[in-house]
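To be precise, the following lines are query_11.txt, and they hold compact mmCIF, C-alpha atoms.
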# COMPACT_ATOMS: atom_id res chain seq x y z
CA MET A 1 -53.56 103.02 -25.37
CA SER A 2 -56.09 100.21 -25.57
CA LYS A 3 -56.86 97.66 -22.88
CA GLN A 4 -56.47 94.05 -23.93
CA VAL A 5 -56.96 90.90 -21.87
CA ILE A 6 -55.82 87.31 -22.13
CA ILE A 7 -57.87 85.06 -19.86
CA ASN A 8 -55.86 81.84 -19.67
CA ALA A 9 -57.16 78.58 -18.20
CA ASP A 10 -54.29 76.49 -16.86
CA ASP A 11 -54.13 72.67 -16.70
CA PHE A 12 -55.65 71.75 -20.07
CA GLY A 13 -54.89 68.03 -20.43
CA LEU A 14 -54.93 67.32 -16.70
CA SER A 15 -58.11 65.21 -16.90
CA PRO A 16 -61.13 64.87 -19.20
CA GLY A 17 -63.31 66.72 -16.69
CA VAL A 18 -60.92 69.66 -16.54
CA ASN A 19 -60.75 69.68 -20.34
CA GLN A 20 -64.53 69.81 -20.69
CA GLY A 21 -64.75 72.70 -18.26
CA ILE A 22 -62.08 74.70 -20.05
CA ILE A 23 -63.76 74.22 -23.43
CA GLN A 24 -67.12 75.16 -21.98
CA ALA A 25 -65.62 78.38 -20.55
CA TYR A 26 -64.02 79.15 -23.92
CA GLN A 27 -67.24 78.62 -25.83
CA ALA A 28 -69.05 80.85 -23.34
CA GLY A 29 -66.59 83.67 -24.01
CA GLY A 30 -65.12 83.59 -20.52
CA ILE A 31 -61.58 82.57 -21.49
CA THR A 32 -59.47 83.26 -24.56
CA SER A 33 -56.47 80.99 -24.03
CA THR A 34 -55.31 77.84 -22.29
CA SER A 35 -52.08 75.99 -21.56
CA MET A 36 -51.56 72.27 -22.03
CA MET A 37 -50.05 69.65 -19.74
CA VAL A 38 -48.65 66.96 -22.02
CA ASN A 39 -47.88 64.19 -19.51
CA MET A 40 -51.27 63.91 -17.82
CA PRO A 41 -54.17 61.42 -18.29
CA GLY A 42 -56.32 63.95 -20.14
CA PHE A 43 -53.76 64.87 -22.80
CA ASP A 44 -55.16 62.77 -25.68
CA HIS A 45 -58.67 63.98 -24.91
CA ALA A 46 -57.47 67.61 -24.80
CA LEU A 47 -55.66 67.12 -28.09
CA SER A 48 -58.81 65.91 -29.83
CA LEU A 49 -60.74 68.89 -28.49
CA ALA A 50 -58.00 71.34 -29.48
CA LYS A 51 -57.96 70.20 -33.09
CA SER A 52 -61.64 71.07 -33.41
CA LEU A 53 -61.05 74.60 -32.04
CA PRO A 54 -58.26 76.16 -34.10
CA ASP A 55 -58.93 79.68 -32.78
CA LEU A 56 -58.22 78.68 -29.18
CA GLY A 57 -54.72 79.80 -28.21
CA ILE A 58 -52.83 76.91 -26.57
CA GLY A 59 -49.51 77.25 -24.79
CA LEU A 60 -47.28 74.74 -23.04
CA HIS A 61 -47.92 74.39 -19.30
CA PHE A 62 -44.46 73.18 -18.31
CA ASN A 63 -44.82 70.63 -15.52
CA LEU A 64 -42.19 69.24 -13.14
CA THR A 65 -44.42 68.26 -10.20
CA TYR A 66 -47.32 66.10 -11.43
CA GLY A 67 -46.95 62.58 -12.79
CA ARG A 68 -43.88 61.35 -14.65
CA PRO A 69 -41.54 63.10 -17.09
CA VAL A 70 -41.86 62.79 -20.84
CA SER A 71 -38.14 62.04 -20.92
CA ASP A 72 -36.80 58.68 -19.79
CA PRO A 73 -36.54 59.14 -15.98
CA THR A 74 -33.00 57.73 -16.02
CA PHE A 75 -31.95 60.67 -18.22
CA VAL A 76 -33.35 63.33 -15.85
CA PRO A 77 -32.43 61.89 -12.43
CA SER A 78 -32.57 65.17 -10.50
CA LEU A 79 -36.25 65.64 -11.43
CA VAL A 80 -37.59 62.30 -10.21
CA LYS A 81 -38.02 60.05 -7.19
CA PRO A 82 -36.78 56.44 -7.21
CA ASP A 83 -40.08 55.29 -8.76
CA GLY A 84 -39.56 57.61 -11.74
CA SER A 85 -42.27 60.13 -10.83
CA PHE A 86 -41.64 63.83 -10.34
CA HIS A 87 -40.69 65.24 -6.96
CA GLN A 88 -43.57 67.18 -5.48
CA GLY A 89 -43.06 70.51 -3.78
CA GLN A 90 -40.01 72.75 -3.75
CA CYS A 91 -38.55 72.56 -0.26
CA GLY A 92 -34.85 71.62 -0.36
CA LEU A 93 -35.11 70.38 -3.94
CA ILE A 94 -32.19 70.97 -6.32
CA ARG A 95 -32.89 70.31 -9.97
CA ASP A 96 -30.05 69.99 -12.46
CA VAL A 97 -30.06 72.65 -15.19
CA ALA A 98 -29.48 70.13 -17.98
CA ASP A 99 -32.31 67.91 -16.71
CA ILE A 100 -34.73 70.84 -16.66
CA ALA A 101 -33.78 71.90 -20.18
CA LYS A 102 -34.04 68.34 -21.49
CA GLU A 103 -37.52 67.85 -20.04
CA LEU A 104 -38.71 71.25 -21.27
CA ASP A 105 -37.61 70.33 -24.81
CA ALA A 106 -39.30 66.94 -24.50
CA GLN A 107 -42.62 68.42 -23.37
CA TRP A 108 -42.43 71.08 -26.08
CA ASN A 109 -41.86 68.48 -28.76
CA VAL A 110 -44.89 66.47 -27.67
CA LEU A 111 -47.08 69.41 -28.69
CA VAL A 112 -45.15 70.06 -31.89
CA GLN A 113 -45.30 66.41 -32.94
CA ALA A 114 -49.06 66.58 -32.36
CA SER A 115 -49.17 69.40 -34.94
CA LEU A 116 -49.80 72.11 -32.35
CA SER A 117 -47.65 75.26 -32.31
CA PRO A 118 -47.60 76.56 -28.72
CA THR A 119 -48.64 80.20 -28.46
CA HIS A 120 -46.64 80.78 -25.26
CA LEU A 121 -44.86 79.19 -22.32
CA ASP A 122 -46.02 79.12 -18.72
CA SER A 123 -45.49 76.69 -15.84
CA HIS A 124 -47.46 74.54 -13.44
CA GLN A 125 -47.55 75.75 -9.83
CA LEU A 126 -45.62 78.92 -10.75
CA LEU A 127 -42.37 77.01 -11.26
CA HIS A 128 -40.68 79.74 -13.28
CA GLN A 129 -41.81 82.42 -10.87
CA ASN A 130 -40.54 80.62 -7.79
CA ASP A 131 -37.28 79.26 -9.22
CA PRO A 132 -34.86 81.66 -10.98
CA ILE A 133 -33.08 78.75 -12.70
CA ILE A 134 -36.31 77.48 -14.24
CA PHE A 135 -37.19 81.05 -15.20
CA ARG A 136 -33.90 81.45 -17.07
CA ILE A 137 -34.25 78.13 -18.92
CA MET A 138 -37.84 78.90 -19.92
CA ALA A 139 -36.92 82.46 -20.95
CA GLU A 140 -34.14 81.16 -23.20
CA LYS A 141 -36.55 78.64 -24.71
CA ALA A 142 -39.18 81.31 -25.31
CA VAL A 143 -36.69 83.57 -27.08
CA ARG A 144 -35.30 80.70 -29.11
CA GLU A 145 -38.80 79.65 -30.23
CA ASN A 146 -39.95 83.27 -30.73
CA ILE A 147 -42.95 82.98 -28.41
CA PRO A 148 -44.02 84.87 -25.27
CA LEU A 149 -43.38 83.75 -21.70
CA ARG A 150 -45.87 84.30 -18.89
CA ARG A 151 -44.85 87.31 -16.82
CA SER A 152 -43.40 86.55 -13.39
CA GLN A 153 -44.48 88.62 -10.40
CA VAL A 154 -41.01 88.05 -8.97
CA ARG A 155 -38.18 90.10 -10.49
CA HIS A 156 -35.36 87.70 -11.28
CA ALA A 157 -31.80 88.66 -12.08
CA SER A 158 -31.33 90.32 -15.47
CA LEU A 159 -30.69 87.93 -18.35
CA ASP A 160 -27.67 88.31 -20.60
CA ILE A 161 -30.01 87.77 -23.56
CA SER A 162 -32.86 89.80 -24.99
CA PRO A 163 -35.82 89.16 -22.68
CA PRO A 164 -38.78 87.22 -24.06
CA ARG A 165 -42.00 89.01 -24.89
CA MET A 166 -44.51 89.12 -22.05
CA THR A 167 -47.79 90.76 -21.21
CA ASP A 168 -47.63 94.15 -19.52
CA THR A 169 -49.41 92.85 -16.42
CA ILE A 170 -50.38 89.52 -14.89
CA LEU A 171 -53.21 89.01 -12.45
CA LEU A 172 -53.04 85.91 -10.24
CA ASP A 173 -56.16 85.33 -8.17
CA THR A 174 -58.71 82.62 -7.41
CA TYR A 175 -62.45 82.81 -8.02
CA GLY A 176 -63.76 79.80 -6.12
CA ASP A 177 -65.68 81.58 -3.34
CA HIS A 178 -69.11 83.18 -3.44
CA GLU A 179 -67.58 86.56 -4.33
CA GLY A 180 -65.48 85.18 -7.19
CA LEU A 181 -67.59 86.63 -10.01
CA GLN A 182 -67.75 90.09 -8.47
CA ARG A 183 -64.00 90.05 -7.85
CA LEU A 184 -63.32 89.14 -11.47
CA LEU A 185 -65.64 91.89 -12.74
CA GLN A 186 -63.89 94.34 -10.43
CA HIS A 187 -60.52 93.29 -11.83
CA LEU A 188 -61.85 93.92 -15.33
CA SER A 189 -63.17 97.34 -14.35
CA LYS A 190 -59.72 98.34 -13.08
CA LEU A 191 -57.72 96.80 -15.89
CA PRO A 192 -54.67 98.91 -16.76
CA ASP A 193 -53.74 99.99 -20.26
CA GLY A 194 -51.82 97.44 -22.33
CA ILE A 195 -52.09 93.66 -22.23
CA THR A 196 -53.08 91.89 -19.01
CA GLU A 197 -53.18 88.14 -18.44
CA ILE A 198 -55.78 86.82 -16.00
CA VAL A 199 -55.07 83.25 -14.87
CA CYS A 200 -57.81 80.81 -13.87
CA HIS A 201 -58.44 77.08 -13.30
CA PRO A 202 -61.97 76.10 -14.40
CA GLY A 203 -62.93 72.46 -14.76
CA TYR A 204 -65.15 69.56 -13.73
CA VAL A 205 -64.09 67.12 -11.05
CA ASP A 206 -63.70 63.54 -12.25
CA ASP A 207 -62.03 60.39 -10.93
CA ALA A 208 -58.82 61.06 -12.86
CA LEU A 209 -58.53 64.50 -11.24
CA ARG A 210 -59.15 63.13 -7.75
CA GLN A 211 -56.14 60.82 -8.10
CA ILE A 212 -53.83 63.68 -9.11
CA SER A 213 -54.81 66.97 -7.54
CA ASN A 214 -56.12 68.43 -4.31
CA TRP A 215 -57.68 71.31 -6.23
CA LEU A 216 -61.17 69.90 -6.73
CA ASP A 217 -64.33 71.86 -5.89
CA ILE A 218 -62.62 75.19 -6.53
CA ARG A 219 -62.35 74.28 -10.21
CA GLU A 220 -66.10 73.84 -10.56
CA HIS A 221 -66.70 77.09 -8.66
CA GLU A 222 -64.33 78.90 -11.03
CA LEU A 223 -66.05 77.25 -13.99
CA ALA A 224 -69.35 78.76 -12.85
CA VAL A 225 -67.67 82.18 -12.86
CA PHE A 226 -66.08 81.92 -16.29
CA VAL A 227 -69.20 80.61 -18.06
CA ASN A 228 -71.26 83.45 -16.62
CA GLN A 229 -72.31 85.79 -19.42
CA ASP A 230 -71.57 88.81 -17.24
CA VAL A 231 -67.90 88.23 -18.06
CA PRO A 232 -67.99 88.72 -21.86
CA ARG A 233 -70.68 91.42 -21.48
CA THR A 234 -68.47 93.37 -19.08
CA ILE A 235 -65.44 92.98 -21.34
CA GLN A 236 -67.45 94.36 -24.25
CA ALA A 237 -69.06 97.16 -22.24
CA LEU A 238 -65.67 98.37 -20.98
CA GLY A 239 -64.17 98.37 -24.46
CA ILE A 240 -61.60 95.73 -23.51
CA VAL A 241 -60.22 93.70 -26.41
CA PRO A 242 -60.12 89.93 -25.67
CA ILE A 243 -57.05 88.31 -27.23
CA ASN A 244 -54.82 85.28 -26.81
CA TYR A 245 -51.04 85.03 -26.82
CA ARG A 246 -50.84 85.02 -30.60
CA ALA A 247 -51.38 88.77 -30.43
CA VAL A 248 -48.30 89.12 -28.21
CA MET A 249 -46.06 87.51 -30.81
CA ASP A 250 -43.99 89.91 -32.88
CA THR A 251 -44.55 88.94 -36.49
CA THR A 252 -42.04 91.50 -37.80
CA GLU A 253 -38.98 89.75 -36.42
CA GLU A 254 -37.23 86.56 -37.34
CA PRO A 255 -36.73 84.03 -34.53
CA CYS A 256 -33.82 84.96 -32.31
CA LYS A 257 -30.86 82.62 -32.63
CA LEU A 258 -29.52 81.50 -29.25
CA PRO A 259 -26.88 78.93 -28.45
CA LEU A 260 -28.55 75.69 -27.47
CA ILE A 261 -28.07 74.49 -23.92
CA GLN A 262 -25.49 71.75 -24.03
CA ILE A 263 -27.21 68.51 -23.08
CA THR A 264 -26.96 64.95 -24.30
CA SER A 265 -28.84 64.41 -27.58
CA PRO A 266 -30.61 67.78 -27.67
CA LEU A 267 -34.03 67.71 -29.26
CA LYS A 268 -34.61 69.58 -32.49
CA PRO A 269 -36.24 72.99 -31.95
CA ALA A 270 -39.78 73.24 -33.20
CA GLU A 271 -40.69 75.01 -36.40
CA LYS A 272 -42.55 78.27 -35.83
CA ARG A 273 -45.97 78.93 -37.25
CA ARG A 274 -47.15 82.43 -38.07
CA PRO A 275 -50.05 83.58 -35.88
CA ARG A 276 -53.38 83.73 -37.68
CA HIS A 277 -55.54 86.01 -35.63
CA VAL A 278 -53.83 89.31 -34.96
CA ARG A 279 -56.12 92.27 -35.28
CA GLN A 280 -55.43 94.18 -38.47
CA GLN A 281 -54.93 97.51 -36.78
CA ARG A 282 -52.38 96.12 -34.32
CA LEU A 283 -50.55 94.27 -37.08
CA LEU A 284 -50.32 97.38 -39.28
CA LYS A 285 -49.07 99.38 -36.32
CA ARG A 286 -46.34 96.84 -35.64
CA HIS A 287 -45.29 96.87 -39.28
CA ARG A 288 -45.05 100.67 -39.19
CA MET A 289 -43.06 100.60 -35.95
CA ALA A 290 -40.71 97.97 -37.35
CA LYS A 291 -40.17 100.05 -40.49
CA VAL A 292 -39.40 103.16 -38.44
CA HIS A 293 -36.98 101.11 -36.32
CA ARG A 294 -35.18 99.80 -39.42
CA LEU A 295 -34.94 103.28 -40.96
CA SER A 296 -33.63 104.74 -37.69
CA LYS A 297 -31.04 102.00 -37.42
CA LYS A 298 -29.98 102.60 -41.05
CA ARG A 299 -29.63 106.34 -40.44
CA ARG A 300 -27.50 105.74 -37.32
CA THR A 301 -25.28 103.41 -39.34
CA LEU A 302 -24.89 105.99 -42.12
CA ARG A 303 -24.08 108.74 -39.62
CA ARG A 304 -21.41 106.61 -37.95
CA SER A 305 -19.96 105.72 -41.35
CA SER A 306 -19.91 109.40 -42.39
CA SER A 307 -18.28 110.43 -39.12
CA THR A 308 -15.59 107.79 -39.55
CA ARG A 309 -14.78 108.99 -43.05
CA LYS A 310 -14.48 112.58 -41.84
CA ARG A 311 -12.01 111.61 -39.10
CA VAL A 312 -9.93 109.71 -41.66
Can I see the file as C-alpha cells?
Amino acid sequence: MSKQVIINADDFGLSPGVNQGIIQAYQAGGITSTSMMVNMPGFDHALSLAKSLPDLGIGLHFNLTYGRPVSDPTFVPSLVKPDGSFHQGQCGLIRDVADIAKELDAQWNVLVQASLSPTHLDSHQLLHQNDPIIFRIMAEKAVRENIPLRRSQVRHASLDISPPRMTDTILLDTYGDHEGLQRLLQHLSKLPDGITEIVCHPGYVDDALRQISNWLDIREHELAVFVNQDVPRTIQALGIVPINYRAVMDTTEEPCKLPLIQITSPLKPAEKRRPRHVRQQRLLKRHRMAKVHRLSKKRRTLRRSSSTRKRV
C-alpha cells in the first residue's frame, strides 16, 4: 500500500499576510492543500489568489469563533454575543443545532457562489473534534455534498448515516520552534501506509492578523519550515505521494441523498464538481473496485431471488 500525504494549511482568508504565506508554501512544494475562512478580512484577497491557482485544493474552514457570522446574527442567536460577533472559546457554551447548520450552509455557499467547489470540510480551532454536535452536523454536510471531512482524533458516537470519507490518519502538531523542521521530517519518515493529513499554519504577520489572532510569530516560524526545500525533497526521496483532498473523493459514487436538517429557509445545497487531479492509477483502481462491488451485489441479489423461488 502506498503512502500519500495531504499537507493542509489552515486559515486561508484570515488576513492578506497569512494568505501570502500559504501561497508561498504551496509554490515551494511544502503544502498541497488549504482551507478557507470566508468571514475574515483576507477572504477577497484569498479568493483572487485561489483563482490563479486552480490546482490548489481548497476546503471550507468552518468558523464559529472568529469575527461575525455570514448569516444575519439575529437568525443564529445562540452563536453570537449581543454585538453580533461570535462567542469565543467553548467553556459553558451551548450552541443550537439549527443555528450551527444554518451558519455552516451559509459559509459553504459563500465559496460556491464565488465559483469554488470545496474539496473538503474542516473546522477552526478543532470545533468538530471538540464538540460532538458540530461533528455530526459537519459529517452530515460532508456526506450530503459528497466531500471528505477532516478526521477527528476523538471518537464520537456512531452516526446513523454512512460516515463521510476521511484520511486514514491525521497528524496535529506545531512547527514553530527551532526543531520544527526536524520534527516534520521525522513525521514524514514514519508516515504510515494510506493517506495522512498533516495540518499546519504558515503565514506572515500583518496588522489585520494582530487584531484577530494571538497566533502571530509561530506562523512565520512555520512558514520557514514549509518553504524549506528539504520538505519536498524528503517526500520525494521516501516515495511519498503528495496529494490534496480531491484524491480522497470517490468519483465512482453519486452524491448520497440525506434528509436536510429542518431549519428556516434552508440554503440550496451546492452543485458538486468532479475532481480534476486524481492520479490515473488510483482512479482506475477505484473503478475496478466499484465494478467488483456492483457485480458482487448483483450476484447476492440473484442468489437471494433464486433461494426465494426455491422455497416457494
Worksheet item: Which is closer to A:Leu216 than all the others in A:Thr32, A:Ser15, A:Asn244, A:Asn146, using all atoms listed in the file?
Response: A:Ser15
Worksheet item: Using all atoms listed in the file, which residues sit within 8 Å of A:Gln229 once same-chain residues fewer than 2 positions away are excluded, as an MDAnalysis selection string?
Response: chainID A and resid 28:30 226:227 231:233
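In this structure, atom CA of A:Leu47 sits 16.1 Å away from atom CA of A:Phe62.
For the choices A:Val241, A:Ala224, A:Met36, A:Leu184, the atom-to-atom distance to A:Ser2 is smallest for A:Val241 when using only C-alpha atoms.
Across the model, the gap from atom CA of A:Met37 to atom CA of A:Leu93 is 21.8 Å.
Using only C-alpha atoms, the contacts of A:Ser213 at a cut-off of 12 Å, with sequence neighbours closer than 5 positions omitted, comprise A:Asp11, A:Leu14, A:Ser15, A:Val18, A:Met40, A:Thr65, A:Tyr66, A:Gly67, A:Gln88, A:Gln125, A:Val205, A:Asp206, A:Asp207, A:Ala208, A:Ile218, A:Arg219.
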Discussion item. I'd like to know which of A:Arg151, A:Leu191, A:Phe135, A:Pro202 is closest to A:Thr174, using all atoms listed in the file.
Written reply: A:Pro202
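Using only C-alpha atoms, the residues found no farther than 9 Å from A:Thr119, other than those of its own chain fewer than 6 positions away, are Ser35, Gly57, Ile58, Gly59, Leu60, Ile147, Pro148, Asn244, Tyr245, Arg246, Val248, Met249 and Pro275 of chain A.
Atom CA of A:Phe75 sits 20.6 Å away from atom CA of A:Leu127.
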For stretch 171-189 of chain A, what centre and edge lengths in Å (one decimal) does the axis-aligned box get once 3 Å is added on each side of all its listed atoms, as lines of an AutoDock Vina configuration file?
center_x = -61.1
center_y = 88.6
center_z = -9.3
size_x = 22.1
size_y = 23.5
size_z = 18.0
Item to complete: Name the residues in contact with stretch 97-110 of chain A at a cut-off of 6 Å, using only C-alpha atoms, excluding same-chain residues fewer than 2 positions from it; report them as a list in words.
Response: Ser71, Val76, Val112, Gln113 and Ile263 of chain A
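Checking A:Asp217, A:Phe12, A:Asn63, A:Asn130 one by one against A:His45, counting all atoms listed in the file, you find the shortest gap at A:Phe12.
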Spatial neighbours of A:His178, max dist 10 Å, all atoms listed in the file, sep filter under 4 positions, as an mmCIF file with C-alpha atoms, in the frame of the given file:
data_model
loop_
_atom_site.group_PDB
_atom_site.id
_atom_site.type_symbol
_atom_site.label_atom_id
_atom_site.label_comp_id
_atom_site.auth_asym_id
_atom_site.auth_seq_id
_atom_site.Cartn_x
_atom_site.Cartn_y
_atom_site.Cartn_z
ATOM 1 C CA GLN A 182 -67.750 90.090 -8.470
ATOM 2 C CA ARG A 183 -64.000 90.050 -7.850
ATOM 3 C CA HIS A 221 -66.700 77.090 -8.660
ATOM 4 C CA GLU A 222 -64.330 78.900 -11.030
ATOM 5 C CA VAL A 225 -67.670 82.180 -12.860
#
